[in-house]
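What follows is a single structure, written as C-alpha cells, with notes after it.
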There are 8 protein chains.
Amino acid sequence: MLENILKQVQDGSMSVEDASKRLAPFENLGFAKVDHHRKKRQGFPEIVYGENKTAEQIIGIATSLQSQNNEVLVTRVTAEKAGSIQSVCPDYVYDNISRLLYWKSSDQSSSKREGYIAVIAAGTSDISVAEEAAVTAEVLGSKVHRIYDVGVAGIHRLLHHAEEIQQATVSVVIAGMEGALASVVGGLVSHPVIAVPTSVGYGASFNGLSALLTMLNSCASGISVVNIDNGFGGGYNATLIHQLIHKGEGLA
Amino acid sequence: MLENILKQVQDGSMSVEDASKRLAPFENLGFAKVDHHRKKRQGFPEIVYGENKTAEQIIGIATSLQSQNNEVLVTRVTAEKAGSIQSVCPDYVYDNISRLLYWKSSDQSSSKREGYIAVIAAGTSDISVAEEAAVTAEVLGSKVHRIYDVGVAGIHRLLHHAEEIQQATVSVVIAGMEGALASVVGGLVSHPVIAVPTSVGYGASFNGLSALLTMLNSCASGISVVNIDNGFGGGYNATLIHQLIHKGEGLA
Amino acid sequence: MLENILKQVQDGSMSVEDASKRLAPFENLGFAKVDHHRKKRQGFPEIVYGENKTAEQIIGIATSLQSQNNEVLVTRVTAEKAGSIQSVCPDYVYDNISRLLYWKSSDQSSSKREGYIAVIAAGTSDISVAEEAAVTAEVLGSKVHRIYDVGVAGIHRLLHHAEEIQQATVSVVIAGMEGALASVVGGLVSHPVIAVPTSVGYGASFNGLSALLTMLNSCASGISVVNIDNGFGGGYNATLIHQLIHKGEGLA
Amino acid sequence: MLENILKQVQDGSMSVEDASKRLAPFENLGFAKVDHHRKKRQGFPEIVYGENKTAEQIIGIATSLQSQNNEVLVTRVTAEKAGSIQSVCPDYVYDNISRLLYWKSSDQSSSKREGYIAVIAAGTSDISVAEEAAVTAEVLGSKVHRIYDVGVAGIHRLLHHAEEIQQATVSVVIAGMEGALASVVGGLVSHPVIAVPTSVGYGASFNGLSALLTMLNSCASGISVVNIDNGFGGGYNATLIHQLIHKGEGLA
Amino acid sequence: MLENILKQVQDGSMSVEDASKRLAPFENLGFAKVDHHRKKRQGFPEIVYGENKTAEQIIGIATSLQSQNNEVLVTRVTAEKAGSIQSVCPDYVYDNISRLLYWKSSDQSSSKREGYIAVIAAGTSDISVAEEAAVTAEVLGSKVHRIYDVGVAGIHRLLHHAEEIQQATVSVVIAGMEGALASVVGGLVSHPVIAVPTSVGYGASFNGLSALLTMLNSCASGISVVNIDNGFGGGYNATLIHQLIHKGEGLA
Amino acid sequence: MLENILKQVQDGSMSVEDASKRLAPFENLGFAKVDHHRKKRQGFPEIVYGENKTAEQIIGIATSLQSQNNEVLVTRVTAEKAGSIQSVCPDYVYDNISRLLYWKSSDQSSSKREGYIAVIAAGTSDISVAEEAAVTAEVLGSKVHRIYDVGVAGIHRLLHHAEEIQQATVSVVIAGMEGALASVVGGLVSHPVIAVPTSVGYGASFNGLSALLTMLNSCASGISVVNIDNGFGGGYNATLIHQLIHKGEGLA
Amino acid sequence: MLENILKQVQDGSMSVEDASKRLAPFENLGFAKVDHHRKKRQGFPEIVYGENKTAEQIIGIATSLQSQNNEVLVTRVTAEKAGSIQSVCPDYVYDNISRLLYWKSSDQSSSKREGYIAVIAAGTSDISVAEEAAVTAEVLGSKVHRIYDVGVAGIHRLLHHAEEIQQATVSVVIAGMEGALASVVGGLVSHPVIAVPTSVGYGASFNGLSALLTMLNSCASGISVVNIDNGFGGGYNATLIHQLIHKGEGLA
Amino acid sequence: MLENILKQVQDGSMSVEDASKRLAPFENLGFAKVDHHRKKRQGFPEIVYGENKTAEQIIGIATSLQSQNNEVLVTRVTAEKAGSIQSVCPDYVYDNISRLLYWKSSDQSSSKREGYIAVIAAGTSDISVAEEAAVTAEVLGSKVHRIYDVGVAGIHRLLHHAEEIQQATVSVVIAGMEGALASVVGGLVSHPVIAVPTSVGYGASFNGLSALLTMLNSCASGISVVNIDNGFGGGYNATLIHQLIHKGEGLA
C-alpha cells in the first residue's frame with residue numbers, strides 16, 4: 001500500500017498532506033485517535049466499542065479505518081443507531097441479535113482456515129451474547145459451530161454434542177446463572193476454552209458476578225475468562241487462537 | 001419420663017428442686033440455657049456448636065442434655081478439646097476428620113429407616129466437610145452412601161455413580177472452587193438436593209463465596225443451600241427430609 | 001406412550017420422522033432444546049424460566065412440552081406477555097400476583113397427597129414471591145396453607161399460627177428486610193424449612209443480600225435457602241420433599 | 001478544681017507551667033493529645049481505645065486523665081498488656097472476659113440512677129462482647145441485668161424473660177450469626193434497643209457482616225446499631241440514654 | 001376501651017363478632033395482620049411502611065388502626081398514592097417533602113414533653129430524609145429544631161449552632177457522601193446521637209454505603225446508626241429516647 | 001498399552017483384577033478417583049492440586065498416575081511436604097520457587113515444538129507465580145522466555161523487550177497491584193495473552209481483586225484471565241494454545 | 001470590600017440589616033447556608049453541586065454568591081435545568097459536554113499563570129468527564145492542554161504526546177474500564193498526577209470500581225485519586241497545585 | 001557523569017562492558033530491572049517496595065541505585081530485615097516506626113525549599129503510617145510539621161492547630177476508622193490535601209475500606225486519596241507538590 005500512496009504523490013494524484021495522514025500510525029479526529037497500525041501490530045484492525053459513541057463519531061472512525069482498507073467491526077450498536085449509520089454507509093451489515101455492525105472489503109476473500117470454533121451457550125437467554133461471539137469470529141474469518149441451550153441441568157443435551165465439541169480447535173462457552181457449563185466442557189476437551197459469563201439470572205447472580213466467579217474458579221484446567229457479557233472478547237480471543245494453526249502451517 | 005420423675009419425688013428419691021430443673025423447658029447454666037424441649041419440639045435434641053466454647057462449657061451443656069436422655073452431638077471440636085472432654089466423658093466418640101464429638105444412649109436402637117442419603121463430594125479437599133455431613137446423618141439415624149472425588153472436570157466419574165445417586169432419598173452435594181457439581185447432580189435426580197459450598201479454593205473463590213453463589217443460582221430446580229463449610233447443616237437437613245418417608249408410612 | 005407411537009408408525013399414522021422426534025430425549029427448536037425426559041428423570045417436567053424469553057419462544061417450548069403430555073409451568077411472565085401467549089393457547093391459566101402461567105392436561109387428576117405445605121410470609125410486600133411459591137406447589141400437586149404478614153416485629157401473630165405451622169410436612173418461609181422470620185420458624189418446627197429471601201427493603205438490604213445472609217447463617221438447624229426472590233424454587237423444593245411421604249407409603 | 005489550682009499557684013505550691021498544663025483543654029503527650037474537657041463537654045471522660053497502643057502509651061494517657069480526677073476506662077486490653085499496666089498502676093481493675101481495664105476514684109460514689117439496662121446475648125459465644133457492654137455500663141454508673149443465651153432458635157427461652165426485658169429502660173442486644181434476636185426483642189419492648197452485631201459465625205457470616213445487615217434492616221422500629229463486636233459502644237450508648245431519666249427529674 | 005366494648009355487647013349495640021375482632025391482638029385483613037396491641041406493647045401504634053403497598057392496602061390497614069383510636073403514620077408514600085388515599089380519608093395530612101401521610105385523633109393533645117430533638121442535615125440534598133425524621137418525631141409528639149446545610153466542609157456553619165445542638169435531649173444527624181458530620185456532632189454533645197446515612201453522593205458512595213460505614217466506625221462514642229435513607233427510623237428512635245425524660249419524672 | 005496388558009493377562013503375568021484396574025477410566029483410591037483417561041481425553045494427564053492434600057494422598061495419586069505411564073505434576077507443594085514425598089519417590093523433582101513437584105518418564109522425549117511462550121512478570125514480587133507458569137509450561141513440553149520486572153511504571157523496560165514478546169506464540173502476563181501490564185502487552189502483540197493477576201499489593205488491592213478486575217476490563221482485545229495467583233493455569237492454558245501450531249502442521 | 005460596605009452604611013445607602021448579611025460568614029437561605037468566606041479561607045468560592053438541587057435552589061445560592069462578587073460554578077447541571085436558570089440569569093454560560101454552568105465577573109481578568117495542566121483521557125467515552133475537569137480548571141484560571149483517546153491498547157498514541165505531557169505542571173488522567181493509563185502516565189512524568197476513574201465499561205467494571213482500584217494500587221508513585229466520574233475534583237485539585245507556582249514566585 | 005565514564009573507558013580504567021551497564025537506562029539483575037533513568041525522568045530515583053523482597057534482593061537493587069549516585073529509599077522493611085541489610089551496608093539509616101530504610105550521599109545537601117508539609121494524624125494508632133509519610137518527605141528534601149492525635153471526636157484539638165495547618169504548602173491527612181478528619185481539614189485550607197486512609201479500626205471498618213470511601217466521597221473539594229496505609233504515597237505526592245514552588249521560582 002505504501003508504494004501505491006507514494007506513486008500517487010509522485011504523479012500528483014494525492015496531496016502530500018493526505019498521504020502523510022494515510023501513512024501516520026493513527027489519524028487524529030479530535031474525539032478519537034484512530035489506530036491505523038493496529039492490523040499490522042495485532043493482526044486485526046481496531047475494533048470500535050460502540051456503546052458510548054454517537055452515530056457521528058462511529059461514522060468518523062469507521063471511515064478512517066475503511067480508508068486504510070481495514071475491515072470495520074463495531075460492537076454494542078442499537079438498532080436505531082445502526083439505522084443512522086447505514087443511511088450514510090449503506091454497505092454496512094447490521095445483525096440485530098448480536099448488535100454488531102460490520103463491513104468487509106471485497107478483496108477480503110473468505111476464510112480458508114481449517115477447523116472451527118465451537119460456540120456453546122447454556123440457555124436461550126444467553127443467545128445474544130453467544131451471537132456476539134459467533135458473528136465476531138465469522139467476521140474475522142473463522143468458521144463457527146453453534147451449540148445452544150445445553151445447560152448442565154439436562155446434561156444429556158450437552159453429551160449429545162460431545163464429539164462435535166471435541167473436534168473444534170477452540171471453544172467459547174457462554175453461560176449465566178451459575179455458569180457451570182464452562183467446567184463441564186473444560187473437562188471434556190483437549191483444546192483451550194474461552195469462558196464468557198453473562199448477566200442472565202436474578203437475585204444472587206449479582207448481574208453476572210456468580211457466573212464470573214464460577215468460571216475463574218473452575219476445577220477444569222484449560223479455561224480462561226473474559227468480562228461479563230463480553231461475547232466480542234470471547235469470539236476475538238477464539239479467533240486469535242484459531243488462526244495459530246495456520247502459523248504452524250507456515251512454519252512447517 | 002415425667003411419670004418417673006414424679007414417682008421419685010413422691011418416694012423422696014428426688015428433691016423438688018431437682019425435679020423442677022429436670023422438667024423445665026431449659027436448664028440455665030449461666031453461660032448457656034440448655035434447651036430440654038428441643039427434641040420434643042424439633043425431633044432432634046439441641047446440637048452444640050463447639051467452635052467458640054471451652055471444653056468446660058461443652059461438658060456442662062452435654063451433661064445437661066444427657067441427663068434428659070438426649071443424644072449429644074457437638075460440632076467443630078478440635079482434637080485437643082475432644083481429648084479434654086473425653087477424659088471426663090470417656091464414652092464419647094470423637095471423629096477427627098469430621099471433627100464431630102458425640103454420644104448415644106444404649107436404648108437408642110440403630111435406624112430402621114429405609115433408603116439412604118447420598119453424600120457426594122467434588123474433591124479430596126472437600127472430604128472433611130463431607131464427613132461432617134455424613135457422620136451427622138449417621139448419628140441422627142440415617143444410612144449414608146459416600147461418593148467422593150467426582151468433580152465435574154471428569155464427569156464420567158460422576159456418571160459412573162448415576163444410578164446409586166438416583167436411588168437415594170435425598171442427596172447432599174459438597175463442593176468448593178466453582179461448586180458446579182451441585183447443578184449437574186440436580187439435573188440427574190428426582191429427589192431434593194442439599195448443596196454445601198466449601199471454602200476450598202484460592203484467589204477469587206473468596207473463601208467459598210464462589211461456590212455459594214454458584215449453588216444459589218443453579219439452573220437445576222431442586223437445590224437448596226446451606227452455609228459455607230456447613231457439613232453439619234447438610235447432614236441435618238438431609239436427615240429431616242429422609243425421615244419423612246416414615247411419617248408417610250405412619251400416615252398410610 | 002412408546003407403544004402407542006410405535007403402533008402409529010406401524011399403521012402408517014405417524015411418519016418415522018415425527019416418531020423419532022417424539023421419542024428423542026429432547027426436541028431441538030434451534031433457540032432451545034426442550035427436555036422431554038425431564039419428567040422421567042426428575043419427577044416433574046422442565047419448568048420454563050420466562051424472564052428473558054419472547055412470547056414466541058415460550059409458545060414454541062410450551063407446545064413441545066404439551067406434545068409429550070407434560071404439564072406446562074412458566075415463571076416470571078408479565079401480564080402483557082401472558083396475554084400474547086393466551087391468545088394462541090387459550091386454555092393456559094395466568095396468575096397475575098405470582099406471574100405464573102400454566103397448563104395441566106385433564107388426565108392429571110388433582111393431588112391425593114396427605115399433609116400440606118405451609119407458605120409463610122413476613123410482610124404484605126413479600127406476598128408476590130410467596131404466591132409464586134404457593135401456586136407452584138399447587139400446580140405440581142401439593143396442598144398449601146398460606147400464613148401471611150407474620151413478621152417478627154409482632155411475634156404474637158406468628159405464635160398464633162404455631163400449631164398450624166408445626167403440623168405441616170414442610171414450610172416455605174418468605175421474608176425480605178432482615179429475614180429473621182426463617183430462624184424463628186426454624187426453631188418452632190420439626191420438619192424441613194425452605195427459606196426464600198426477598199429483595200423487599202431499602203438502603204442496606206442491598207436488594208435482598210441482607211435477608212439472604214440472615215437465612216444462610218441461621219442459628220436454627222433445619223433451614224436451607226434458595227435464591228433471592230426465587231418463590232418458584234421455594235415451592236418446587238417443598239413439593240419434592242412433600243411427595244416423599246408417598247414414596248414412603250410406596251415402600252411400606 | 002480551677003479555684004484549687006489557682007490557689008496553689010498563688011501560694012507557690014504549683015508552678016505556672018504545671019497549672020497551665022492542668023487547665024488546658026487537652027494535654028499534649030506527643031503521641032496523644034489527652035482530652036481533659038471531654039467529661040465537661042460530653043458527660044463522660046475520654047475512653048481509651050487500647051487495641052493499637054503500647055502499655056507505655058496507655059499508662060501515659062491514663063495518668064493524664066487521672067490527674068484531672070477523671071475515671072479511666074481502657075478497652076480491648078490483652079491480659080498481658082493489662083499485667084504490665086497494673087504493675088505500674090496497681091489500683092486498676094482488669095476484667096479478662098470483657099478485656100476492659102478501669103479505675104474509679106473513691107469520691108465517685110456508686111450510681112443512684114433508677115431503672116436498669118438489659119444486656120441480652122444470643123449465644124454463649126457472644127458473651128465476651130456482651131460483657132464489654134455490661135461492664136462499660138457498670139463502670140459508667142448504670143445497673144445492668146444480664147440475660148444470656150436466649151437466641152431465637154428456642155424462642156421460649158427469650159419469652160421466659162419478656163417481663164424482665166420490658167421493664168428495662170433501654171436494652172442492648174448482642175448477637176452474631178444471623179443476628180435475628182434484635183428484631184424479636186425490638187418487637188417486644190417500648191424502649192430503645194441498641195443492637196451490637198458480633199463476628200461470631202462462619203462461612204457466609206463474613207465476620208459479622210450478616211448480623212450487621214440484619215440489624216440495620218430490622219422490621220422492628222426502635223433499633224439502632226453500632227459497629228461489629230463493639231460491646232463498648234453498646235454499653236456507652238445505653239448509658240447515655242439511661243441517664244436521661246435523671247435529666248428529666250432535674251427538669252421536673 | 002374494653003369496658004366500652006363490653007357494654008355495647010351487653011346492650012346489643014355491638015355484635016359478638018365485631019367485639020371479638022376489636023379485642024383481638026391483631027385484625028387479619030388477609031394481606032395484612034394489623035397489630036392492635038402494638039401501642040400497648042411498644043408505646044406507639046404500628047407504623048405502616050408504604051413503599052410496596054397499594055393505596056387500597058394502606059386504606060385497609062389505616063382504617064383498622066383508626067378503629068382502635070390509634071394515630072396513623074404511613075411512610076414512603078408518593079404524592080399520587082397519597083391523593084388516592086386522601087380522596088377516601090380526607091382528614092389525612094400529606095407532607096410532600098418527607099413523603100409521610102398521617103392522621104391524629106382530636107383527643108391526642110399536643111406534646112407537653114420538655115426539651116427538643118435536634119435534626120441536623122449536612123447538605124441541601126439530604127433535606128427530604130431529614131424531614132422524614134423531623135415530621136415523624138413531631139407526629140409522635142416531640143418538639144424538633146431543624147439545623148440544615150451544616151456539612152463539615154465549612155465547619156464554622158456547624159459551630160455557629162453548637163449551643164443549640166448541645167442543649168437538645170437527643171440529636172439526629174443526617175448526612176450522605178462521606179457522612180463525617182455525625183462524628184463531629186458526636187464529639188460536641190453529651191447526649192445520644194442517632195446517625196442516618198443517606199444515598200446522596202455519586203461514584204464510590206455506592207448508594208450510601210460510604211456514609212453508613214463512616215457512621216458505624218465513628219471515633220466519637222455516643223453514636224448509633226439506622227439504615228440508609230431511614231429518616232423515619234432516626235425520628236422514631238429519637239422520640240423513644242426523648243420521652244424517657246418523662247418516665248424519669250414519673251419515677252421521681 | 002492395552003495390548004501389552006492383555007498379553008500379560010494371557011500369559012498369566014498380570015491378574016484379571018489388576019488388569020481391570022489398569023484399564024478402568026479411573027482408579028478409586030477411596031479419598032480420590034484418579035482419572036486415567038484424562039490424557040487421552042484432554043491431551044495432558046490429571047494435574048494434582050496439592051494444597052489441601054497430605055503427602056500420603058499425593059503419593060497415592062501420583063503412583064496411580066505413574067502406573068499408567070503418565071507424567072506427574074503436583075502444584076502448591078510446600079518444601080516440607082515435598083521432602084516427605086521425595087523420600088518415597090526419589091526421582092521426583094521439586095522447584096522451591098514455583099512450589100511445583102513433578103516427574104517425567106524417560107520415554108517422554110523433550111519438546112520439538114517450534115516457537116516459545118513469553119512469561120512476563122511486572123515485579124520482583126510476582127516471580128513465584130511467574131515461575132509456576134513457566135515451569136508448568138516447560139514440564140508440559142513448551143519452550144519459555146522469561147521477561148521479569150517490566151512493570152509499567154518504567155515502560156522503557158518493557159519496550160526494550162517488545163520484539164522478543166511479539167515473536168512469541170502466546171504470552172502469559174503476571175502482575176499484581178493494579179495489573180496494568182496486561183493491557184499494555186495486549187496492545188503490542190498479535191497473539192493471545194493469558195493474564196494472571198497476583199495477590200501482591202496492599203490496602204485496596206484486596207488480595208488480588210484489583211489486578212483481577214483490571215485484567216477482565218482491559219481495553220486491549222486479545223486478553224483472557226485466570227484465577228488470582230493461578231500461575232499454573234496461566235502456563236497450562238498457554239501450552240494448550242502453543243501446541244495448536246503442531247495440530248496445524250498435522251493438518252497441513 | 002468591608003470598607004465599601006461600612007461607607008454605604010455610614011451614608012445611609014445600605015441598611016444595617018443588609019450590611020450585616022453581607023458581612024456574615026454565610027447567608028442562611030433556609031435550605032442552604034451559603035459560605036461567603038470560602039474564597040478567603042480556601043482560595044476559591046464555594047462550588048455548587050447541582051445534582052440534587054432544583055433550578056430555584058441553584059438560582060438562590062448563585063445569587064447569594066454573586067452578591068459577594070464571587071465567581072459561580074455549578075456542576076452536574078442538565079441542559080434542561082440550565083435553560084431554566086439562564087432564563088433568569090442570562091449571563092451564565094452553560095457547557096453541555098461537561099454539564100458545567102458558570103459565571104465570572106468582568107473584573108476577574110484572565111489567568112496569567114505560567115505553565116499548563118495536561119488533561120489526558122483514555123477513550124472517546126471518557127470525554128465528558130475529561131471536559132468537566134478541563135473546563136473547571138479553565139474557569140478557575142488555569143491553562144489546559146487536552147490529550148484525548150490515548151488509551152494503553154495503542155501505546156504509541158500516548159508516547160507521541162510524551163513531551164507535551166512531561167512539560168505540564170500537573171496532569172489529570174481520566175480513564176474507565178481498567179484505568180491503566182494513570183500508571184503509564186505516572187511512570188513518564190516528574191509532576192503530580194491526579195487520576196479520575198470513570199464509570200465507562202461494562203460487566204466486571206462495576207460502574208467504575210475497577211478503574212478506581214487500579215488507580216489506588218498504581219505501581220507508579222506520584223498518583224492520587226478522586227471519586228469515580230469526579231471530573232470536577234480532578235480539575236479543582238490540579239488547579240490548587242498549579243497555582244502553587246505563583247506562591248513560589250511570591251515567596252522568591 | 002557520562003563524560004566521566006567515557007574518559008574512564010578511554011584511559012582503560014573502565015571496561016566497555018561495565019560502562020555500557022552504567023549507561024543503560026536500567027540494570028538487569030535477573031530478578032529485577034533497576035531503573036537508572038527514573039531520577040532524570042521523574043525527579044526522584046526509583047523507590048524500592050521492600051515488602052516481598054529478600055534482604056539479598058534489596059541489597060542488590062540498592063547497590064545498583066547507589067552506583068548511579070542515587071539516594072536509596074526502601075519502604076516496608078521489618079527490623080530484622082533492616083538488620084541484615086545494615087550488616088552489609090552500615091551507612092544505611094533505619095527508622096523503626098515508619099519501617100523505612102534509606103541512604104543519602106554526602107553531596108546531597110539538605111533542602112533549601114521554603115514552606116513545609118503538614119502531616120496530620122487522627123489518632124495515636126495512625127502514627128506509624130504518618131511517620132512513613134513524614135520521613136519519606138524529609139528524605140526527599142522537604143520540611144515537615146507533625147500534628148498528631150487531632151481526630152474529630154475532640155475538634156478543639158484540631159482547631160488549636162488551624163493556623164499552623166493553613167500556612168503549610170500542602171497537607172497529608174492520615175486517618176483510620178471513619179476517616180472524617182480529611183474532610184474537616186479540607187474545609188479549613190486553601191492548599192491541596194493528600195488523604196491517606198489507614199486500616200486502623202475494627203468490625204465494619206473492613207481493614208480501611210471505611211476510611212477510604214470517606215475520603216473519596218469527601219464533601220470538601222481539594223482532596224485526593226492514595227491507597228490504604230500508603231504513608232509513603234502520601235509523603236511522595238506531597239513532596240512532588242511542595243517542590244513546585246521552586247519550579248515557579250525558576251520560571252519567575
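All residue names refer to the C-alpha cells as shown: chains lettered A, B, ... in order, residues numbered from 1 in each chain, ligands numbered from 1 in order.
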
Next item on the list: Compute the set of chain B residues within 9 Å of chain C, using only C-alpha atoms, and express it as a VMD selection string.
Entry: chain B and resid 38 to 44 47 114 166 169 to 170 186 to 195 213 215 to 218 221 to 228 232 to 234 236 to 238 240 to 242 244 to 252

Next item on the list: Among the residues of segment 27-241 of chain H, find those DSSP assigns to strand (DSSP E or B) from the backbone and print them as a VMD selection string.
Entry: chain H and resid 27 to 28 33 to 35 48 to 49 72 to 75 93 to 95 100 to 103 117 to 121 144 to 148 170 to 175 193 to 197 223 to 225

Next item on the list: Might you pull out every residue within 7 Å of Tyr92 of chain F, with only C-alpha atoms counted and same-chain residues fewer than 6 positions away left off, and present them as number ranges by chain?
Entry: F: 86, 101-103

Kindly export the residues of the current selection with N, CA and C atoms, as a PDB file, in the first residue's frame.
ATOM      1  N   GLN F  86       9.479 -36.910  48.357  1.00  0.00           N
ATOM      2  CA  GLN F  86      10.719 -37.335  47.700  1.00  0.00           C
ATOM      3  C   GLN F  86      11.413 -38.473  48.442  1.00  0.00           C
ATOM      4  N   LEU F 101       6.083 -29.851  42.057  1.00  0.00           N
ATOM      5  CA  LEU F 101       6.763 -31.142  42.190  1.00  0.00           C
ATOM      6  C   LEU F 101       6.365 -31.952  40.967  1.00  0.00           C
ATOM      7  N   TYR F 102       7.365 -32.560  40.270  1.00  0.00           N
ATOM      8  CA  TYR F 102       6.978 -33.244  39.038  1.00  0.00           C
ATOM      9  C   TYR F 102       7.899 -34.413  38.714  1.00  0.00           C
ATOM     10  N   TRP F 103       7.413 -35.224  37.792  1.00  0.00           N
ATOM     11  CA  TRP F 103       8.153 -36.396  37.335  1.00  0.00           C
ATOM     12  C   TRP F 103       7.811 -36.643  35.877  1.00  0.00           C
TER      13      TRP F 103
END

Next item on the list: Enumerate the residues of segment 18-249 of chain H with a DSSP assignment of helix (DSSP H, G or I), computed from the backbone, and present them as a ChimeraX atom specification.
Entry: /H:18-23,38-42,55-66,79-88,124-139,152-159,162-166,181-188,203-216,231-242,244-249

Item checked: Gly30 of chain G environment, 10 Å, only C-alpha atoms, sequence neighbours closer than 4 positions dropped, as number ranges by chain -> E: 124, 146-149; G: 34

Note to self: Excluding segment 63-72 of chain F and its own-chain neighbours fewer than 5 positions away, which residues fall within 12 Å of it when counting only C-alpha atoms? Please give them as a ChimeraX atom specification.
What the structure shows: /F:1-2,4-5,18-19,21-29,32-40,43-50,56-58,85,88-89,91-94,100-109,136,139-141

Note to self: Give me, as a list in words, all polymer residues having an atom no more than 10 Å from Gly176 of chain G, counting only C-alpha atoms and skipping those fewer than 5 positions away in the same chain.
What the structure shows: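 Neighbouring residues, sequence-local ones excluded: Asn217, Ser218 and Cys219 of chain F; Ala121, Ala122, Gly123, Ser125, Asp126, Gly151, Leu181, Val196, Pro197, Thr198, Ser199, Val200, Gly201, Tyr202, Ser205, Asn207, Gly208, Leu209, Ser210, Ala211, Leu212, Thr214, Ile228 and Asp229 of chain G.
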
Output N, CA and C atoms for every residue in the selection just made, as a short mmCIF file (atom, residue, chain, number, x, y, z; two decimals), in the first residue's frame.
data_model
loop_
_atom_site.label_atom_id
_atom_site.label_comp_id
_atom_site.auth_asym_id
_atom_site.auth_seq_id
_atom_site.Cartn_x
_atom_site.Cartn_y
_atom_site.Cartn_z
N ASN F 217 -11.27 -6.12 32.56
CA ASN F 217 -11.81 -4.94 31.91
C ASN F 217 -10.85 -4.32 30.91
N SER F 218 -9.83 -5.06 30.53
CA SER F 218 -8.80 -4.48 29.68
C SER F 218 -9.38 -3.90 28.40
N CYS F 219 -8.88 -2.72 28.02
CA CYS F 219 -9.32 -2.11 26.77
C CYS F 219 -8.61 -2.75 25.57
N ALA G 121 -7.27 11.84 28.45
CA ALA G 121 -8.38 10.89 28.55
C ALA G 121 -8.08 9.62 27.75
N ALA G 122 -8.45 8.48 28.31
CA ALA G 122 -8.14 7.21 27.67
C ALA G 122 -8.97 6.97 26.41
N GLY G 123 -10.29 7.23 26.48
CA GLY G 123 -11.12 6.89 25.34
C GLY G 123 -12.14 7.97 25.01
N SER G 125 -15.22 7.72 25.09
CA SER G 125 -16.33 7.69 26.04
C SER G 125 -16.03 8.42 27.34
N ASP G 126 -14.75 8.71 27.58
CA ASP G 126 -14.37 9.40 28.81
C ASP G 126 -14.39 10.92 28.67
N GLY G 151 -5.57 5.75 25.09
CA GLY G 151 -5.55 4.57 25.96
C GLY G 151 -4.41 3.62 25.65
N LEU G 181 -4.20 3.68 32.17
CA LEU G 181 -3.49 4.86 31.64
C LEU G 181 -2.79 5.65 32.75
N VAL G 196 -8.61 10.25 37.69
CA VAL G 196 -10.07 10.25 37.79
C VAL G 196 -10.63 8.98 37.13
N PRO G 197 -11.08 8.02 37.94
CA PRO G 197 -11.69 6.83 37.33
C PRO G 197 -13.07 7.19 36.79
N THR G 198 -13.46 6.57 35.66
CA THR G 198 -14.81 6.82 35.16
C THR G 198 -15.62 5.52 35.20
N SER G 199 -16.93 5.68 35.11
CA SER G 199 -17.81 4.52 35.15
C SER G 199 -17.99 3.90 33.77
N VAL G 200 -17.19 4.34 32.80
CA VAL G 200 -17.26 3.74 31.46
C VAL G 200 -16.77 2.29 31.53
N GLY G 201 -17.48 1.40 30.90
CA GLY G 201 -17.12 -0.01 30.91
C GLY G 201 -18.39 -0.83 31.09
N TYR G 202 -18.22 -2.12 31.20
CA TYR G 202 -19.41 -2.95 31.39
C TYR G 202 -19.00 -4.16 32.19
N SER G 205 -16.64 -4.13 35.35
CA SER G 205 -16.08 -2.82 35.70
C SER G 205 -16.85 -2.26 36.90
N ASN G 207 -19.30 -0.30 37.43
CA ASN G 207 -19.56 1.14 37.47
C ASN G 207 -18.37 1.97 37.93
N GLY G 208 -17.19 1.57 37.55
CA GLY G 208 -16.02 2.38 37.85
C GLY G 208 -15.16 1.82 38.97
N LEU G 209 -15.65 0.80 39.66
CA LEU G 209 -14.86 0.23 40.76
C LEU G 209 -13.52 -0.30 40.23
N SER G 210 -13.55 -0.93 39.07
CA SER G 210 -12.32 -1.49 38.51
C SER G 210 -11.27 -0.40 38.30
N ALA G 211 -11.65 0.68 37.63
CA ALA G 211 -10.68 1.75 37.37
C ALA G 211 -10.24 2.41 38.68
N LEU G 212 -11.15 2.55 39.62
CA LEU G 212 -10.81 3.14 40.91
C LEU G 212 -9.73 2.33 41.61
N THR G 214 -7.65 0.15 40.31
CA THR G 214 -6.42 0.24 39.53
C THR G 214 -5.61 1.46 39.93
N ILE G 228 -15.08 8.40 41.53
CA ILE G 228 -15.49 7.94 40.21
C ILE G 228 -16.28 9.04 39.49
N ASP G 229 -15.91 9.31 38.26
CA ASP G 229 -16.58 10.31 37.41
C ASP G 229 -16.46 11.73 37.95
#

Next item on the list: Please measure the separation of atom CA of Gly231 of chain C and atom CA of Val173 of chain C, giving the value in Å to one decimal.
Entry: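 It comes out at 9.7 Å.
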
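The coordinates place atom CA of Ala134 of chain A at 19.2 Å from atom CA of Glu51 of chain A.
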
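Taking atom CA of His145 of chain F and atom CA of Tyr116 of chain F as the two end points, the separation is 6.8 Å.
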